[in-house]
Amino acid sequence: MTEPSWDHYRAALAVLEEGSLSGAARALGLTQPTLGRQIAALEQSLGVALFTRSPTGLSPTGAALTLAPYAASLKATAEALRRAVTAEAEGLSGRVRITASEVVGAEVLPPILAALHARHPGLALDVVLSDRMQDLLRRDADIAIRMAPPTQAALVARRVGTVELGLYGHRRYLDRRGVPEHPADLARHSVIGFDAETPFLRAMMRAAPALGETPFAWRSDSTLAQLAALRAGFGLGACHTALAAGDPDLVRVLPELVWALPTFVAMHEDLRALRRCRVAFDALAEGMAAYCA
């Protein structure tokens, strides 16, 4: 048997992933005859049939299913090798995709990223604002700022501190409706909250059971919309204490209510070889640590 080419393994993996010869050819940018020849060459080299052919297409054999995880590992290694080889040649230029929660992305990151871009104007920064977890393993983003410990083993994560939240009201609202002195007083106030149940909402309820007995007067799953309602004087709502410290019109109420969110900057371990990602990661970690402090 001759040693199979990586291209031949890649062809077989593409058929397994796409489910058809035509889909695999499109994914790899090849013609179907070329892809068919590569699979035939792989079968000849290995001495086994990988697919059974029928008028409806290709069906994987047991040998193909056995081969699949090893071919996937080869693919991941080849991609990591390409990134490592080209990393130093790229210099500090290129695109970095960053994901963060809405409030962090809109209120905290802009000055951090402005300073980063001023130092390295060749960097192009994509900022994805979302309160759901983006998948770094699937490359939905290069770097993520998360308010929960990352669980995937293939991620590099640095804990940068804790973001503290408290309950606040705008001075206009408090002048009109009064300042609550006890959690039970929330029942007579307009409270800003979520439309759907979230982990943070459950944490709020555990810390302040009275919130669970108070219907939200403003409901939105957008934390930016909640912050805007708070600043407009609509009612009482949760806010980062560091953000509120910069706005004299936001007054903390019921200071015994504290929510602490451990904060991490994370990226896929393969991206450490890319200078642009490494520099962006360090700048984000430094900036977020200063914000948490």
# chains A, B, ... in the order shown; residues from 1 in each chain; ligands from 1
$ residues_around --residues "Ile192 of chain A" --least-positions-apart "3" --cutoff "9 Å" --atoms "only C-alpha atoms" --output "VMD selection string"
chain A and resid 216 to 220 226 to 227 229 to 230 234 to 238
$ write_last_selection --atoms "C-alpha atoms" --output "mmCIF file, in the first residue's frame"
data_model
loop_
_atom_site.group_PDB
_atom_site.id
_atom_site.type_symbol
_atom_site.label_atom_id
_atom_site.label_comp_id
_atom_site.auth_asym_id
_atom_site.auth_seq_id
_atom_site.Cartn_x
_atom_site.Cartn_y
_atom_site.Cartn_z
ATOM 1 C CA PHE A 216 -41.712 43.696 35.794
ATOM 2 C CA ALA A 217 -43.074 46.985 34.480
ATOM 3 C CA TRP A 218 -40.485 46.953 31.675
ATOM 4 C CA ARG A 219 -39.588 43.599 30.151
ATOM 5 C CA SER A 220 -36.817 43.152 27.604
ATOM 6 C CA GLN A 226 -32.883 47.824 30.174
ATOM 7 C CA LEU A 227 -29.999 50.240 30.754
ATOM 8 C CA ALA A 229 -34.912 52.493 30.467
ATOM 9 C CA LEU A 230 -33.021 52.952 33.736
ATOM 10 C CA PHE A 234 -38.575 54.450 33.921
ATOM 11 C CA GLY A 235 -37.944 52.495 37.116
ATOM 12 C CA LEU A 236 -35.490 50.456 39.172
ATOM 13 C CA GLY A 237 -33.042 48.133 37.439
ATOM 14 C CA ALA A 238 -29.759 46.276 37.756
#
$ residues_around --residues "Ala71 of chain A" --least-positions-apart "4" --cutoff "12 Å" --atoms "only C-alpha atoms" --output "compact mmCIF listing (two decimals) with all heavy atoms, in the first residue's frame"
# COMPACT_ATOMS: atom_id res chain seq x y z
N PRO A 4 -1.34 7.28 1.79
CA PRO A 4 -2.35 8.19 1.22
C PRO A 4 -1.96 9.65 1.42
O PRO A 4 -1.32 10.03 2.41
CB PRO A 4 -3.61 7.85 1.99
CG PRO A 4 -3.36 6.52 2.62
CD PRO A 4 -1.88 6.46 2.87
N SER A 5 -2.37 10.49 0.49
CA SER A 5 -2.19 11.94 0.60
C SER A 5 -3.22 12.51 1.56
O SER A 5 -4.34 12.00 1.68
CB SER A 5 -2.34 12.57 -0.79
OG SER A 5 -2.56 13.95 -0.70
N TRP A 6 -2.86 13.64 2.23
CA TRP A 6 -3.83 14.32 3.09
C TRP A 6 -5.03 14.78 2.27
O TRP A 6 -6.16 14.77 2.75
CB TRP A 6 -3.17 15.50 3.79
CG TRP A 6 -4.12 16.60 4.18
CD1 TRP A 6 -4.08 17.89 3.81
CD2 TRP A 6 -5.29 16.47 5.01
NE1 TRP A 6 -5.14 18.59 4.34
CE2 TRP A 6 -5.90 17.74 5.09
CE3 TRP A 6 -5.88 15.42 5.69
CZ2 TRP A 6 -7.06 17.98 5.80
CZ3 TRP A 6 -7.05 15.66 6.40
CH2 TRP A 6 -7.62 16.91 6.46
N ASP A 7 -4.80 15.18 1.02
CA ASP A 7 -5.92 15.60 0.18
C ASP A 7 -6.96 14.49 0.04
O ASP A 7 -8.17 14.76 -0.04
CB ASP A 7 -5.42 16.00 -1.20
CG ASP A 7 -4.71 17.34 -1.19
OD1 ASP A 7 -4.97 18.14 -0.27
OD2 ASP A 7 -3.91 17.61 -2.11
N HIS A 8 -6.50 13.24 0.01
CA HIS A 8 -7.43 12.12 -0.14
C HIS A 8 -8.25 11.92 1.14
O HIS A 8 -9.45 11.67 1.09
CB HIS A 8 -6.66 10.85 -0.50
CG HIS A 8 -5.91 10.97 -1.79
ND1 HIS A 8 -4.95 10.05 -2.18
CD2 HIS A 8 -5.97 11.91 -2.78
CE1 HIS A 8 -4.45 10.41 -3.36
NE2 HIS A 8 -5.05 11.53 -3.74
N TYR A 9 -7.58 12.04 2.29
CA TYR A 9 -8.33 11.97 3.56
C TYR A 9 -9.34 13.12 3.64
O TYR A 9 -10.47 12.94 4.10
CB TYR A 9 -7.38 12.04 4.74
CG TYR A 9 -6.62 10.77 5.02
CD1 TYR A 9 -5.23 10.72 4.92
CD2 TYR A 9 -7.29 9.62 5.42
CE1 TYR A 9 -4.54 9.57 5.20
CE2 TYR A 9 -6.60 8.45 5.70
CZ TYR A 9 -5.22 8.43 5.57
OH TYR A 9 -4.54 7.27 5.85
N ARG A 10 -8.91 14.30 3.21
CA ARG A 10 -9.79 15.47 3.26
C ARG A 10 -11.02 15.27 2.39
O ARG A 10 -12.13 15.66 2.75
CB ARG A 10 -9.02 16.71 2.82
CG ARG A 10 -9.80 18.01 2.93
CD ARG A 10 -9.00 19.19 2.45
NE ARG A 10 -8.66 19.07 1.04
CZ ARG A 10 -8.17 20.07 0.30
NH1 ARG A 10 -7.95 21.25 0.86
NH2 ARG A 10 -7.88 19.89 -0.97
N ALA A 11 -10.82 14.63 1.23
CA ALA A 11 -11.94 14.36 0.33
C ALA A 11 -12.96 13.44 0.99
O ALA A 11 -14.17 13.68 0.94
CB ALA A 11 -11.44 13.75 -0.98
N ALA A 12 -12.47 12.36 1.61
CA ALA A 12 -13.38 11.42 2.27
C ALA A 12 -14.11 12.09 3.43
O ALA A 12 -15.32 11.89 3.64
CB ALA A 12 -12.61 10.20 2.76
N LEU A 13 -13.40 12.92 4.21
CA LEU A 13 -14.02 13.60 5.34
C LEU A 13 -15.09 14.57 4.85
O LEU A 13 -16.16 14.68 5.46
CB LEU A 13 -12.96 14.35 6.15
CG LEU A 13 -13.45 15.12 7.37
CD1 LEU A 13 -14.07 14.17 8.39
CD2 LEU A 13 -12.31 15.91 8.00
N ALA A 14 -14.83 15.25 3.75
CA ALA A 14 -15.82 16.19 3.22
C ALA A 14 -17.10 15.47 2.80
O ALA A 14 -18.21 15.97 3.03
CB ALA A 14 -15.23 16.96 2.03
N VAL A 15 -16.97 14.27 2.19
CA VAL A 15 -18.17 13.51 1.82
C VAL A 15 -18.94 13.09 3.06
O VAL A 15 -20.17 13.17 3.11
CB VAL A 15 -17.79 12.29 0.97
CG1 VAL A 15 -19.01 11.40 0.72
CG2 VAL A 15 -17.20 12.73 -0.36
N LEU A 16 -18.22 12.69 4.11
CA LEU A 16 -18.88 12.30 5.35
C LEU A 16 -19.59 13.50 5.98
O LEU A 16 -20.70 13.37 6.50
CB LEU A 16 -17.86 11.73 6.33
CG LEU A 16 -17.32 10.33 6.00
CD1 LEU A 16 -16.10 10.02 6.86
CD2 LEU A 16 -18.40 9.28 6.23
N GLU A 17 -18.98 14.68 5.94
CA GLU A 17 -19.56 15.86 6.58
C GLU A 17 -20.72 16.44 5.76
O GLU A 17 -21.72 16.90 6.33
CB GLU A 17 -18.49 16.94 6.76
CG GLU A 17 -17.44 16.58 7.81
CD GLU A 17 -16.35 17.62 7.94
OE1 GLU A 17 -16.15 18.40 6.98
OE2 GLU A 17 -15.69 17.65 9.00
N ALA A 64 -15.23 3.68 6.72
CA ALA A 64 -15.28 5.14 6.63
C ALA A 64 -15.62 5.76 7.97
O ALA A 64 -15.06 6.78 8.37
CB ALA A 64 -16.30 5.56 5.57
N LEU A 65 -16.57 5.14 8.68
CA LEU A 65 -16.95 5.68 9.99
C LEU A 65 -15.81 5.55 10.99
O LEU A 65 -15.66 6.39 11.88
CB LEU A 65 -18.21 4.95 10.49
CG LEU A 65 -19.46 5.14 9.61
CD1 LEU A 65 -20.62 4.32 10.17
CD2 LEU A 65 -19.84 6.62 9.52
N THR A 66 -15.01 4.49 10.86
CA THR A 66 -13.84 4.34 11.72
C THR A 66 -12.80 5.40 11.40
O THR A 66 -12.14 5.94 12.29
CB THR A 66 -13.23 2.94 11.54
OG1 THR A 66 -14.20 1.95 11.92
CG2 THR A 66 -11.98 2.76 12.40
N LEU A 67 -12.67 5.71 10.12
CA LEU A 67 -11.66 6.68 9.69
C LEU A 67 -12.03 8.11 10.08
O LEU A 67 -11.15 8.95 10.29
CB LEU A 67 -11.52 6.57 8.17
CG LEU A 67 -10.65 7.56 7.41
CD1 LEU A 67 -9.98 6.86 6.24
CD2 LEU A 67 -11.47 8.75 6.89
N LYS A 75 -7.47 17.21 10.00
CA LYS A 75 -7.93 18.50 9.50
C LYS A 75 -7.63 19.61 10.50
O LYS A 75 -7.13 20.68 10.14
CB LYS A 75 -9.43 18.43 9.21
CG LYS A 75 -10.03 19.73 8.71
CD LYS A 75 -11.54 19.59 8.50
CE LYS A 75 -12.16 20.91 8.05
NZ LYS A 75 -13.63 20.78 7.86
N ALA A 76 -7.95 19.35 11.78
CA ALA A 76 -7.69 20.36 12.81
C ALA A 76 -6.20 20.65 12.93
O ALA A 76 -5.78 21.81 13.09
CB ALA A 76 -8.25 19.90 14.15
N THR A 77 -5.36 19.60 12.84
CA THR A 77 -3.92 19.79 12.93
C THR A 77 -3.39 20.57 11.74
O THR A 77 -2.54 21.46 11.89
CB THR A 77 -3.22 18.42 13.01
OG1 THR A 77 -3.69 17.72 14.16
CG2 THR A 77 -1.71 18.58 13.10
N ALA A 78 -3.91 20.27 10.55
CA ALA A 78 -3.47 20.99 9.35
C ALA A 78 -3.82 22.47 9.45
O ALA A 78 -3.02 23.34 9.08
CB ALA A 78 -4.10 20.37 8.11
$ residues_around --residues "segment 184-190 of chain A" --least-positions-apart "2" --cutoff "10 Å" --atoms "only C-alpha atoms" --output "ChimeraX atom specification"
/A:169,173-174,177-182,192-193,208-218,234-237,254
$ closest_residue --among "A:Leu243, A:Ala196, A:Cys277, A:Ile143" --to "Val104 of chain A" --atoms "only C-alpha atoms"
A:Leu243
$ atom_distance --atom1 "atom CA of Leu92 of chain A" --atom2 "atom CA of Met267 of chain A"
17.4 Å
$ atom_distance --atom1 "atom CA of Asp249 of chain A" --atom2 "atom CA of Val127 of chain A"
28.8 Å
$ select_by_dssp --residues "segment 234-274 of chain A" --states "alpha helix (DSSP H)" --output "ChimeraX atom specification"
/A:241-244
$ write_last_selection --atoms "all heavy atoms" --output "PDB file, in the first residue's frame"
ATOM      1  N   THR A 241     -21.977  48.420  38.847  1.00  0.00           N
ATOM      2  CA  THR A 241     -21.614  49.492  39.777  1.00  0.00           C
ATOM      3  C   THR A 241     -20.548  50.403  39.179  1.00  0.00           C
ATOM      4  O   THR A 241     -20.536  51.606  39.441  1.00  0.00           O
ATOM      5  CB  THR A 241     -21.112  48.909  41.107  1.00  0.00           C
ATOM      6  OG1 THR A 241     -20.000  48.028  40.849  1.00  0.00           O
ATOM      7  CG2 THR A 241     -22.207  48.123  41.816  1.00  0.00           C
ATOM      8  N   ALA A 242     -19.649  49.840  38.348  1.00  0.00           N
ATOM      9  CA  ALA A 242     -18.609  50.673  37.730  1.00  0.00           C
ATOM     10  C   ALA A 242     -19.212  51.643  36.729  1.00  0.00           C
ATOM     11  O   ALA A 242     -18.743  52.783  36.607  1.00  0.00           O
ATOM     12  CB  ALA A 242     -17.576  49.776  37.046  1.00  0.00           C
ATOM     13  N   LEU A 243     -20.245  51.241  36.005  1.00  0.00           N
ATOM     14  CA  LEU A 243     -20.914  52.149  35.076  1.00  0.00           C
ATOM     15  C   LEU A 243     -21.674  53.232  35.828  1.00  0.00           C
ATOM     16  O   LEU A 243     -21.613  54.414  35.484  1.00  0.00           O
ATOM     17  CB  LEU A 243     -21.891  51.375  34.183  1.00  0.00           C
ATOM     18  CG  LEU A 243     -21.348  50.631  32.974  1.00  0.00           C
ATOM     19  CD1 LEU A 243     -22.498  49.992  32.207  1.00  0.00           C
ATOM     20  CD2 LEU A 243     -20.560  51.573  32.079  1.00  0.00           C
ATOM     21  N   ALA A 244     -22.408  52.804  36.852  1.00  0.00           N
ATOM     22  CA  ALA A 244     -23.214  53.756  37.613  1.00  0.00           C
ATOM     23  C   ALA A 244     -22.339  54.791  38.317  1.00  0.00           C
ATOM     24  O   ALA A 244     -22.759  55.932  38.518  1.00  0.00           O
ATOM     25  CB  ALA A 244     -24.077  53.016  38.623  1.00  0.00           C
TER      26      ALA A 244
END
$ residues_around --residues "segment 124-126 of chain A" --least-positions-apart "2" --cutoff "9 Å" --atoms "only C-alpha atoms" --output "mmCIF file with C-alpha atoms, in the first residue's frame"
data_model
loop_
_atom_site.group_PDB
_atom_site.id
_atom_site.type_symbol
_atom_site.label_atom_id
_atom_site.label_comp_id
_atom_site.auth_asym_id
_atom_site.auth_seq_id
_atom_site.Cartn_x
_atom_site.Cartn_y
_atom_site.Cartn_z
ATOM 1 C CA SER A 93 -2.703 43.387 10.969
ATOM 2 C CA GLY A 94 -5.803 41.519 10.010
ATOM 3 C CA ARG A 95 -9.235 40.978 11.477
ATOM 4 C CA VAL A 96 -10.079 39.938 15.051
ATOM 5 C CA ARG A 97 -13.647 38.995 15.929
ATOM 6 C CA ILE A 98 -14.634 39.763 19.527
ATOM 7 C CA THR A 99 -17.861 38.850 21.274
ATOM 8 C CA LEU A 113 -10.561 48.899 21.578
ATOM 9 C CA HIS A 117 -6.485 50.344 17.396
ATOM 10 C CA PRO A 121 -4.025 50.633 13.191
ATOM 11 C CA GLY A 122 -3.621 47.570 10.982
ATOM 12 C CA VAL A 128 -20.407 40.933 18.167
ATOM 13 C CA ALA A 141 -15.642 34.549 17.383
#
$ residues_around --residues "Leu155 of chain A" --least-positions-apart "4" --cutoff "7 Å" --atoms "only C-alpha atoms" --output "list in words"
Ala266, Met267, His268 and Glu269 of chain A
$ write_last_selection --atoms "C-alpha atoms" --output "tab-separated table (two decimals), in the first residue's frame"
chain	number	residue	atom	x	y	z
A	266	ALA	CA	-11.18	33.48	26.46
A	267	MET	CA	-10.00	32.31	23.04
A	268	HIS	CA	-9.24	29.03	21.29
A	269	GLU	CA	-5.80	27.71	22.20
$ atom_distance --atom1 "atom CA of Gly233 of chain A" --atom2 "atom CA of Pro183 of chain A"
19.5 Å
$ residues_around --residues "Gln44 of chain A" --least-positions-apart "3" --cutoff "12 Å" --atoms "only C-alpha atoms" --output "count of residues only"
15
$ select_by_dssp --residues "segment 146-213 of chain A" --states "strand (DSSP E)" --output "NGL selection string"
:A and (146 or 155-170 or 191-193)
$ closest_residue --among "A:Arg158, A:Arg26, A:His120, A:Arg53" --to "Pro262 of chain A" --atoms "only C-alpha atoms"
A:Arg158
$ closest_residue --among "A:Phe200, A:Trp259, A:Phe264, A:Tyr70" --to "Arg159 of chain A" --atoms "only C-alpha atoms"
A:Phe264
